[in-house]
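**Q** My questions will all concern the structure given below.
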Amino acid sequence: MPPKKAAAKSNVSAEELLGHYREMLLIRRFEEKAGQLYGMGLIGGFCHLYIGQEAVVVGLEAAAGEGDKRVTSYRDHGHMLACGMDPKGIMAELTGREGGFSKGKGGSMHMFSKEKHFYGGHGIVAAQVPLGAGLAFSDKYKGNDRVTFAYFGDGAANQGQVYETYNMAQLWDLPVIFVIENNGYAMGTSVVRSTKSPSLWERGAAYGIKGEEVDGMSVLAVKEAGERAVAHCRSGKGPYILEVKTYRYRGHSMSDPAKYRTRDEVQKMRDERDPIEQIRDMLLTNKHATEDDLKAIDKEIKATVNEAAEFSKESPEPALEELWTDIYAKVEA
C-alpha cells in the first residue's frame with residue numbers, strides 16, 4: 001500500500017472536485033445511516049454497505065452520458081445515489097415501505113429506476129453480467145450510441161457466466177463496460193486465495209477484449225479510465241474491462257464480523273487511501289474550499305440523509321394486496 005502523499009496541485013476545476021466530494025460524501029453518510037437503521041431493526045434481510053468504494057461509481061458516473069445504462073450486484077445503494085435516484089425512495093425501500101423504489105417489496109438488493117436507467121442490484125452472484133450484455137445488445141440494435149456499465153466483484157469474476165458473456169460481447173461488438181469492483185475479499189476470501197490470475201481484467205485477452213487496471217481509491221483516476229472505456233465502446237470497438245482496485249471498510253454484509261482481516265489493515269487504508277479524504281485534501285490545498293465550506297456541505301448532506309430516514313419511517317408498509325401486483329399477468333382466453 002503506497003504511503004499517503006501530500007495533495008498535489010490539480011488542473012481539475014473546483015466545481016468538479018466539489019461535485020465529486022459531495023457525491024462521495026452523500027454515499028458515505030447514507031450508508032452510515034443505513035447501518036444505524038439496520039442496527040435498530042428497521043432494515044431486515046441482507047444489507048451490503050458501499051463504505052470505502054465511493055470513488056468507483058462516482059468516477060464512472062462522471063464519465064457516463066445521458067441514456068447510458070447501469071446494472072450491478074447487491075452492494076448497490078451507492079450506485080443508485082450516484083446515478084441520481086432519490087435518497088428517500090432508496091431508504092424507504094431498505095426499510096420495506098411503499099414509498100420505496102420497488103414499493104417496499106425488493107429491499108436492499110432489488111431496486112430499479114427506468115427513469116435513471118438503473119437496472120437493478122442483483123442478489124445472484126454474477127447474474128447481472130449477462131443482463132448487462134443484453135442491455136448493450138438492445139442499444140446496439142437500436143443504434144442509439146448508448147453504453148452499459150455492468151458492475152461485478154472479484155468473487156463474481158470467477159463465475160462461468162462472466163466468460164460466456166465476454167465471448168458473446170466481443171463476438172457481437174457490444175457497447176458494454178465490464179467493471180470489476182475488486183475490493184480484495186469477495187464475501188470473505190482474499191482474492192490471492194481464490195484465483196491464480198495475477199490480474200482479473202487480463203482474462204479478457206482470451207476473447208480479444210481490451211481493458212486496464214485502475215486505482216479505485218482515486219475518483220479522478222477512475223473517471224479518466226472511464227472516459228477511455230466509454231470512448232472505446234461508443235466508437236463501435238466492442239466491450240472494455242475495467243478492474244477497479246478498491247476496498248470496503250465494513251464486512252461483506254451487516255452480519256459479517258470481517259475477522260478474515262486485521263483492524264490495522266482497515267485503519268491503514270482509511271488513513272492513507274481514503275477516496276473522500278484525498279479530494280478533501282486537494283480542495284483545501286488548492287484553496288478551492290475552506291474547512292467551513294466543507295463542514296457546511298457535510299451538514300447539508302446529513303440533513304438530506306436524515307430526511308430520507310424520517311421519510312422511510314413515516315412511509316406506510318405495503319398493503320397486503322400489493323403482494324400480488326407485478327407478479328402475475330392477466331391473460332384473456
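The chains in the C-alpha cells are called A, B, ... from first to last as shown; in each chain the residues are counted from 1, and the ligands are counted from 1 in the order shown.
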Just want the 12 Å neighbourhood of Gly44 in chain A, counted on only C-alpha atoms, with same-chain residues fewer than 2 positions away dropped. Output as a PDB file with C-alpha atoms, in the first residue's frame.

**A**
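Writing the result to selection-v9.pdb gives the following:
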```pdb
ATOM      1  CA  ALA A  34     -28.431   2.651   6.733  1.00  0.00           C
ATOM      2  CA  GLY A  35     -26.096   0.796   9.075  1.00  0.00           C
ATOM      3  CA  LEU A  37     -31.216   1.725  10.895  1.00  0.00           C
ATOM      4  CA  TYR A  38     -30.188  -1.894  10.405  1.00  0.00           C
ATOM      5  CA  GLY A  39     -28.871  -1.981  13.962  1.00  0.00           C
ATOM      6  CA  MET A  40     -32.206  -0.570  15.176  1.00  0.00           C
ATOM      7  CA  GLY A  41     -34.086  -3.383  13.424  1.00  0.00           C
ATOM      8  CA  LEU A  42     -35.696  -1.074  10.867  1.00  0.00           C
ATOM      9  CA  PHE A  46     -29.439  -8.515   3.850  1.00  0.00           C
ATOM     10  CA  CYS A  47     -27.704  -5.142   3.736  1.00  0.00           C
ATOM     11  CA  HIS A  48     -24.348  -4.644   1.997  1.00  0.00           C
ATOM     12  CA  GLU A  93     -37.105   0.547   0.046  1.00  0.00           C
ATOM     13  CA  LEU A  94     -34.434  -0.550   2.517  1.00  0.00           C
ATOM     14  CA  THR A  95     -36.988  -0.354   5.311  1.00  0.00           C
ATOM     15  CA  GLY A  96     -39.662  -2.164   3.284  1.00  0.00           C
ATOM     16  CA  ARG A  97     -42.059   0.765   2.886  1.00  0.00           C
ATOM     17  CA  GLY A 104     -41.109  -1.970  -0.319  1.00  0.00           C
ATOM     18  CA  LYS A 105     -41.009  -5.453  -1.830  1.00  0.00           C
ATOM     19  CA  GLY A 106     -37.409  -5.612  -3.065  1.00  0.00           C
ATOM     20  CA  GLY A 107     -35.319  -4.402  -0.177  1.00  0.00           C
ATOM     21  CA  SER A 108     -31.604  -3.727  -0.302  1.00  0.00           C
ATOM     22  CA  MET A 109     -30.782  -5.940  -3.269  1.00  0.00           C
ATOM     23  CA  MET A 254     -24.061  -6.240   8.118  1.00  0.00           C
ATOM     24  CA  SER A 255     -23.892  -9.772   9.570  1.00  0.00           C
TER      25      SER A 255
END
```

**Q** Assign secondary structure with DSSP using the backbone only, and return the residues of range 182-282 of chain A in alpha helix (DSSP H) as a ChimeraX atom specification.

**A** /A:191-194,219-234,263-273,275-282

**Q** Since we have the selection now, will you write its residues out, keeping N, CA and C atoms, as a compact mmCIF listing (two decimals), in the first residue's frame?

**A**
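The new file again-v3.txt reads:
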```
# COMPACT_ATOMS: atom_id res chain seq x y z
N VAL A 191 -8.64 -12.44 -2.45
CA VAL A 191 -8.51 -12.75 -3.87
C VAL A 191 -7.25 -13.55 -4.15
N VAL A 192 -6.21 -13.41 -3.35
CA VAL A 192 -4.98 -14.18 -3.58
C VAL A 192 -5.18 -15.65 -3.24
N ARG A 193 -6.22 -15.97 -2.47
CA ARG A 193 -6.52 -17.36 -2.15
C ARG A 193 -7.56 -17.96 -3.08
N SER A 194 -8.23 -17.12 -3.89
CA SER A 194 -9.33 -17.62 -4.71
C SER A 194 -9.03 -17.64 -6.20
N VAL A 219 -10.96 8.99 -7.29
CA VAL A 219 -12.09 9.27 -8.16
C VAL A 219 -11.63 9.85 -9.49
N LEU A 220 -10.54 10.61 -9.49
CA LEU A 220 -10.05 11.20 -10.74
C LEU A 220 -9.45 10.13 -11.66
N ALA A 221 -8.74 9.16 -11.09
CA ALA A 221 -8.20 8.07 -11.89
C ALA A 221 -9.32 7.22 -12.48
N VAL A 222 -10.36 6.99 -11.69
CA VAL A 222 -11.50 6.20 -12.18
C VAL A 222 -12.20 6.94 -13.32
N LYS A 223 -12.42 8.23 -13.15
CA LYS A 223 -13.09 8.99 -14.20
C LYS A 223 -12.28 8.96 -15.49
N GLU A 224 -10.97 9.14 -15.39
CA GLU A 224 -10.11 9.15 -16.57
C GLU A 224 -10.18 7.81 -17.30
N ALA A 225 -10.10 6.71 -16.54
CA ALA A 225 -10.20 5.38 -17.16
C ALA A 225 -11.59 5.16 -17.73
N GLY A 226 -12.61 5.65 -17.02
CA GLY A 226 -13.98 5.51 -17.51
C GLY A 226 -14.18 6.22 -18.85
N GLU A 227 -13.57 7.36 -19.01
CA GLU A 227 -13.69 8.10 -20.26
C GLU A 227 -13.04 7.34 -21.41
N ARG A 228 -11.91 6.66 -21.14
CA ARG A 228 -11.28 5.84 -22.18
C ARG A 228 -12.19 4.67 -22.55
N ALA A 229 -12.78 4.04 -21.54
CA ALA A 229 -13.66 2.90 -21.80
C ALA A 229 -14.90 3.31 -22.58
N VAL A 230 -15.49 4.43 -22.20
CA VAL A 230 -16.68 4.92 -22.89
C VAL A 230 -16.38 5.26 -24.34
N ALA A 231 -15.25 5.93 -24.57
CA ALA A 231 -14.86 6.28 -25.94
C ALA A 231 -14.66 5.03 -26.79
N HIS A 232 -14.06 4.01 -26.20
CA HIS A 232 -13.83 2.74 -26.90
C HIS A 232 -15.16 2.12 -27.32
N CYS A 233 -16.11 2.06 -26.39
CA CYS A 233 -17.40 1.44 -26.69
C CYS A 233 -18.22 2.26 -27.68
N ARG A 234 -18.23 3.57 -27.51
CA ARG A 234 -19.04 4.41 -28.41
C ARG A 234 -18.50 4.40 -29.84
N ARG A 263 -7.74 -5.26 12.00
CA ARG A 263 -8.19 -3.88 12.15
C ARG A 263 -7.13 -2.91 11.66
N ASP A 264 -5.87 -3.27 11.87
CA ASP A 264 -4.77 -2.41 11.43
C ASP A 264 -4.79 -2.24 9.91
N GLU A 265 -5.12 -3.32 9.20
CA GLU A 265 -5.17 -3.23 7.73
C GLU A 265 -6.24 -2.24 7.30
N VAL A 266 -7.42 -2.35 7.90
CA VAL A 266 -8.52 -1.45 7.54
C VAL A 266 -8.18 -0.01 7.91
N GLN A 267 -7.63 0.19 9.09
CA GLN A 267 -7.30 1.54 9.53
C GLN A 267 -6.22 2.17 8.67
N LYS A 268 -5.26 1.37 8.25
CA LYS A 268 -4.19 1.87 7.38
C LYS A 268 -4.76 2.37 6.06
N MET A 269 -5.72 1.63 5.51
CA MET A 269 -6.36 2.06 4.27
C MET A 269 -7.15 3.35 4.49
N ARG A 270 -7.86 3.42 5.59
CA ARG A 270 -8.61 4.65 5.91
C ARG A 270 -7.68 5.85 6.03
N ASP A 271 -6.55 5.65 6.70
CA ASP A 271 -5.62 6.75 6.95
C ASP A 271 -4.87 7.20 5.71
N GLU A 272 -4.56 6.26 4.83
CA GLU A 272 -3.66 6.57 3.72
C GLU A 272 -4.31 6.65 2.35
N ARG A 273 -5.49 6.01 2.17
CA ARG A 273 -6.00 5.90 0.81
C ARG A 273 -7.47 6.30 0.69
N PRO A 275 -10.81 7.66 -0.30
CA PRO A 275 -11.11 8.46 -1.51
C PRO A 275 -11.68 9.84 -1.21
N ILE A 276 -12.46 9.95 -0.14
CA ILE A 276 -13.06 11.25 0.20
C ILE A 276 -12.01 12.18 0.78
N GLU A 277 -11.14 11.64 1.63
CA GLU A 277 -10.08 12.46 2.23
C GLU A 277 -9.10 12.96 1.17
N GLN A 278 -8.86 12.16 0.13
CA GLN A 278 -7.97 12.61 -0.95
C GLN A 278 -8.52 13.86 -1.62
N ILE A 279 -9.81 13.86 -1.92
CA ILE A 279 -10.41 15.04 -2.56
C ILE A 279 -10.51 16.20 -1.57
N ARG A 280 -10.79 15.90 -0.34
CA ARG A 280 -10.82 16.94 0.70
C ARG A 280 -9.46 17.64 0.78
N ASP A 281 -8.38 16.86 0.82
CA ASP A 281 -7.04 17.44 0.88
C ASP A 281 -6.75 18.30 -0.35
N MET A 282 -7.20 17.83 -1.50
CA MET A 282 -6.98 18.57 -2.74
C MET A 282 -7.75 19.90 -2.73
```

**Q** Name the residues in contact with range 288-297 of chain A at a cut-off of 9 Å, using only C-alpha atoms, excluding same-chain residues fewer than 5 positions from it; report them as a VMD selection string.

**A** chain A and resid 13 to 15 17 to 18 22 25 280 282 to 283 302

**Q** Write out, as a PDB file, in the first residue's frame, the residues just selected, with C-alpha atoms.

**A**
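What follows is the written file result_29.pdb:
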```
ATOM      1  CA  SER A  13     -11.844  22.616 -11.754  1.00  0.00           C
ATOM      2  CA  ALA A  14     -13.020  23.493  -8.264  1.00  0.00           C
ATOM      3  CA  GLU A  15     -16.602  22.848  -9.340  1.00  0.00           C
ATOM      4  CA  LEU A  17     -13.800  18.486  -7.347  1.00  0.00           C
ATOM      5  CA  LEU A  18     -16.579  19.796  -5.123  1.00  0.00           C
ATOM      6  CA  ARG A  22     -20.348  15.990  -2.399  1.00  0.00           C
ATOM      7  CA  LEU A  25     -19.859  12.081   0.950  1.00  0.00           C
ATOM      8  CA  ARG A 280     -10.820  16.936   0.695  1.00  0.00           C
ATOM      9  CA  MET A 282      -6.984  18.573  -2.742  1.00  0.00           C
ATOM     10  CA  LEU A 283      -9.773  21.083  -2.175  1.00  0.00           C
ATOM     11  CA  LYS A 302     -26.528  14.888   6.821  1.00  0.00           C
TER      12      LYS A 302
END
```

**Q** With distances taken over only C-alpha atoms, which residue among A:Ala329, A:Leu284, A:Ile27, A:Val179 lies nearest Pro87 in chain A?

**A**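 That would be A:Ile27, the residue with the smallest distance to Pro87 in chain A.
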
**Q** Would you kindly return, as a PyMOL selection string, each protein, DNA or RNA residue with an atom no farther than 12 Å from any atom of Tyr151 in chain A, considering only C-alpha atoms and excluding same-chain residues fewer than 3 positions away?

**A** chain A and resi 56-57+60+69-76+79+118-122+125-133+148+154-157+162+176-182+241-244

**Q** Could you write out that same residue set with C-alpha atoms as a PDB file, in the first residue's frame?

**A**
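out-v8.pdb, freshly written:
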```pdb
ATOM      1  CA  VAL A  56     -15.627   3.811  -8.164  1.00  0.00           C
ATOM      2  CA  VAL A  57     -19.193   4.647  -9.019  1.00  0.00           C
ATOM      3  CA  LEU A  60     -17.643   6.248 -13.642  1.00  0.00           C
ATOM      4  CA  LYS A  69     -27.316   2.225 -18.505  1.00  0.00           C
ATOM      5  CA  ARG A  70     -26.038   0.568 -15.382  1.00  0.00           C
ATOM      6  CA  VAL A  71     -26.644  -2.800 -13.726  1.00  0.00           C
ATOM      7  CA  THR A  72     -24.919  -4.092 -10.618  1.00  0.00           C
ATOM      8  CA  SER A  73     -24.942  -6.573  -7.748  1.00  0.00           C
ATOM      9  CA  TYR A  74     -26.239  -6.443  -4.190  1.00  0.00           C
ATOM     10  CA  ARG A  75     -23.806  -3.723  -2.955  1.00  0.00           C
ATOM     11  CA  ASP A  76     -25.900  -1.231  -4.867  1.00  0.00           C
ATOM     12  CA  HIS A  79     -24.773   3.135  -7.497  1.00  0.00           C
ATOM     13  CA  PHE A 118     -30.671   1.771 -13.345  1.00  0.00           C
ATOM     14  CA  TYR A 119     -31.476  -1.868 -13.993  1.00  0.00           C
ATOM     15  CA  GLY A 120     -31.048  -3.183 -10.509  1.00  0.00           C
ATOM     16  CA  GLY A 121     -28.877  -4.707  -7.937  1.00  0.00           C
ATOM     17  CA  HIS A 122     -28.965  -8.496  -8.226  1.00  0.00           C
ATOM     18  CA  VAL A 125     -23.550 -13.650  -7.878  1.00  0.00           C
ATOM     19  CA  ALA A 126     -22.626 -12.568 -11.445  1.00  0.00           C
ATOM     20  CA  ALA A 127     -26.214 -12.921 -12.729  1.00  0.00           C
ATOM     21  CA  GLN A 128     -26.205  -9.231 -13.704  1.00  0.00           C
ATOM     22  CA  VAL A 129     -23.257  -9.626 -16.090  1.00  0.00           C
ATOM     23  CA  PRO A 130     -25.175 -11.282 -18.961  1.00  0.00           C
ATOM     24  CA  LEU A 131     -28.056  -8.888 -18.270  1.00  0.00           C
ATOM     25  CA  GLY A 132     -25.643  -6.008 -18.839  1.00  0.00           C
ATOM     26  CA  ALA A 133     -24.628  -7.501 -22.177  1.00  0.00           C
ATOM     27  CA  THR A 148     -23.917  -0.046 -20.461  1.00  0.00           C
ATOM     28  CA  ASP A 154     -13.726 -10.102  -7.652  1.00  0.00           C
ATOM     29  CA  GLY A 155     -15.720 -13.050  -6.311  1.00  0.00           C
ATOM     30  CA  ALA A 156     -18.124 -12.947  -9.250  1.00  0.00           C
ATOM     31  CA  ALA A 157     -15.161 -12.757 -11.643  1.00  0.00           C
ATOM     32  CA  VAL A 162     -18.930 -13.946 -16.906  1.00  0.00           C
ATOM     33  CA  VAL A 176     -20.659  -2.812 -22.586  1.00  0.00           C
ATOM     34  CA  ILE A 177     -18.083  -1.842 -19.964  1.00  0.00           C
ATOM     35  CA  PHE A 178     -17.395  -4.689 -17.567  1.00  0.00           C
ATOM     36  CA  VAL A 179     -16.474  -3.073 -14.247  1.00  0.00           C
ATOM     37  CA  ILE A 180     -14.787  -5.425 -11.774  1.00  0.00           C
ATOM     38  CA  GLU A 181     -15.006  -3.793  -8.338  1.00  0.00           C
ATOM     39  CA  ASN A 182     -12.092  -5.691  -6.850  1.00  0.00           C
ATOM     40  CA  ILE A 241     -12.915  -4.259 -18.996  1.00  0.00           C
ATOM     41  CA  LEU A 242     -12.031  -2.044 -16.044  1.00  0.00           C
ATOM     42  CA  GLU A 243     -10.600  -3.795 -12.996  1.00  0.00           C
ATOM     43  CA  VAL A 244     -11.032  -1.150 -10.330  1.00  0.00           C
TER      44      VAL A 244
END
```

**Q** Would you mind telling me which residue in A:Val147, A:Met187, A:Ala303, A:Ile209 lies nearest to Ala169 in chain A when using only C-alpha atoms?

**A**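 Among A:Val147, A:Met187, A:Ala303, A:Ile209, it is A:Ile209 that comes nearest to Ala169 in chain A.
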
**Q** What does the distance from CA of Thr325 in chain A to CA of Ala308 in chain A come to in Å, to one decimal?

**A**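 A separation of 25.4 Å between them.
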
**Q** Which is closer to Phe137 in chain A than all the others in A:Gln170, A:Asn286, A:Asn183, A:Gln159, using only C-alpha atoms?

**A**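 Closest candidate: A:Gln170.
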
**Q** Using only C-alpha atoms, which residue out of A:Arg146, A:Lys287, A:Lys33, A:Lys196 lies closest to Ala309 in chain A?

**A** A:Lys33

**Q** For Gly188 in chain A, which residue among A:Lys245, A:His110, A:His252, A:Lys299 is the nearest when counting only C-alpha atoms?

**A** A:His252

**Q** Could you pull out the residues in range 98-132 of chain A that DSSP calls strand (DSSP E or B) from the backbone, as a list in words?

**A**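 So the strand (DSSP E or B) residues in range 98-132 of chain A would be Ser113, Phe118, Tyr119, Gly120, Gly121 and His122 of chain A.
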
**Q** Would you mind telling me which residue in A:Gly52, A:Pro175, A:Gly89, A:Gly208 lies nearest to Arg250 in chain A when using only C-alpha atoms?

**A**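 The answer is A:Gly52, which sits nearest to Arg250 in chain A.
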
**Q** Rounded to one decimal place, report the CA of Val58 in chain A-CA of Glu212 in chain A distance in Å.

**A**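 Atom-to-atom, CA of Val58 in chain A to CA of Glu212 in chain A, that is 18.2 Å.
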
**Q** Name all residues at most 12 Å from Trp172 in chain A (count only C-alpha atoms; drop same-chain ones fewer than 6 positions away) and give them as a list in words.

**A**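 Surrounding residues, per the criterion: Ala133, Gly134, Ala136, Phe137, Ser138, Lys140, Tyr141, Thr165, Tyr166, Tyr207, Ile209, Gly236, Lys237, Gly238 and Pro239 of chain A.
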
**Q** Emit the selected residues as a CSV table (one decimal), in the first residue's frame, including N, CA and C atoms.

**A**
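Once written, selection_14.csv looks like this:
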```
chain,number,residue,atom,x,y,z
A,133,ALA,N,-24.9,-7.3,-20.7
A,133,ALA,CA,-24.6,-7.5,-22.2
A,133,ALA,C,-25.9,-7.4,-23.0
A,134,GLY,N,-27.0,-7.9,-22.4
A,134,GLY,CA,-28.3,-7.8,-23.0
A,134,GLY,C,-28.8,-6.4,-23.2
A,136,ALA,N,-26.8,-3.8,-23.5
A,136,ALA,CA,-25.9,-3.3,-24.6
A,136,ALA,C,-26.3,-3.8,-25.9
A,137,PHE,N,-26.8,-5.1,-26.0
A,137,PHE,CA,-27.3,-5.6,-27.3
A,137,PHE,C,-28.5,-4.8,-27.8
A,138,SER,N,-29.4,-4.5,-26.9
A,138,SER,CA,-30.5,-3.7,-27.2
A,138,SER,C,-30.1,-2.3,-27.8
A,140,LYS,N,-27.2,-1.5,-29.2
A,140,LYS,CA,-26.6,-1.7,-30.5
A,140,LYS,C,-27.6,-1.9,-31.6
A,141,TYR,N,-28.6,-2.7,-31.3
A,141,TYR,CA,-29.7,-3.0,-32.2
A,141,TYR,C,-30.4,-1.7,-32.6
A,165,THR,N,-20.4,-14.4,-21.2
A,165,THR,CA,-20.8,-13.1,-21.6
A,165,THR,C,-19.6,-12.4,-22.3
A,166,TYR,N,-18.4,-12.5,-21.9
A,166,TYR,CA,-17.3,-11.9,-22.5
A,166,TYR,C,-17.2,-12.4,-24.0
A,207,TYR,N,-10.4,-13.4,-25.2
A,207,TYR,CA,-11.5,-13.1,-26.1
A,207,TYR,C,-11.2,-11.9,-26.9
A,209,ILE,N,-10.7,-8.8,-25.7
A,209,ILE,CA,-11.2,-7.7,-25.1
A,209,ILE,C,-10.2,-6.8,-24.4
A,236,GLY,N,-17.6,1.9,-31.4
A,236,GLY,CA,-18.0,0.6,-32.1
A,236,GLY,C,-17.0,-0.5,-32.0
A,237,LYS,N,-16.0,-0.3,-31.0
A,237,LYS,CA,-14.9,-1.3,-30.9
A,237,LYS,C,-15.2,-2.5,-30.0
A,238,GLY,N,-16.5,-2.5,-29.5
A,238,GLY,CA,-16.9,-3.6,-28.6
A,238,GLY,C,-16.6,-3.3,-27.2
A,239,PRO,N,-16.6,-4.4,-26.3
A,239,PRO,CA,-16.6,-4.2,-24.9
A,239,PRO,C,-15.2,-3.8,-24.4
```

**Q** Figure out the distance between CA of Tyr185 in chain A and CA of Tyr260 in chain A, please, to one decimal in Å.

**A**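 A separation of 8.8 Å between them.
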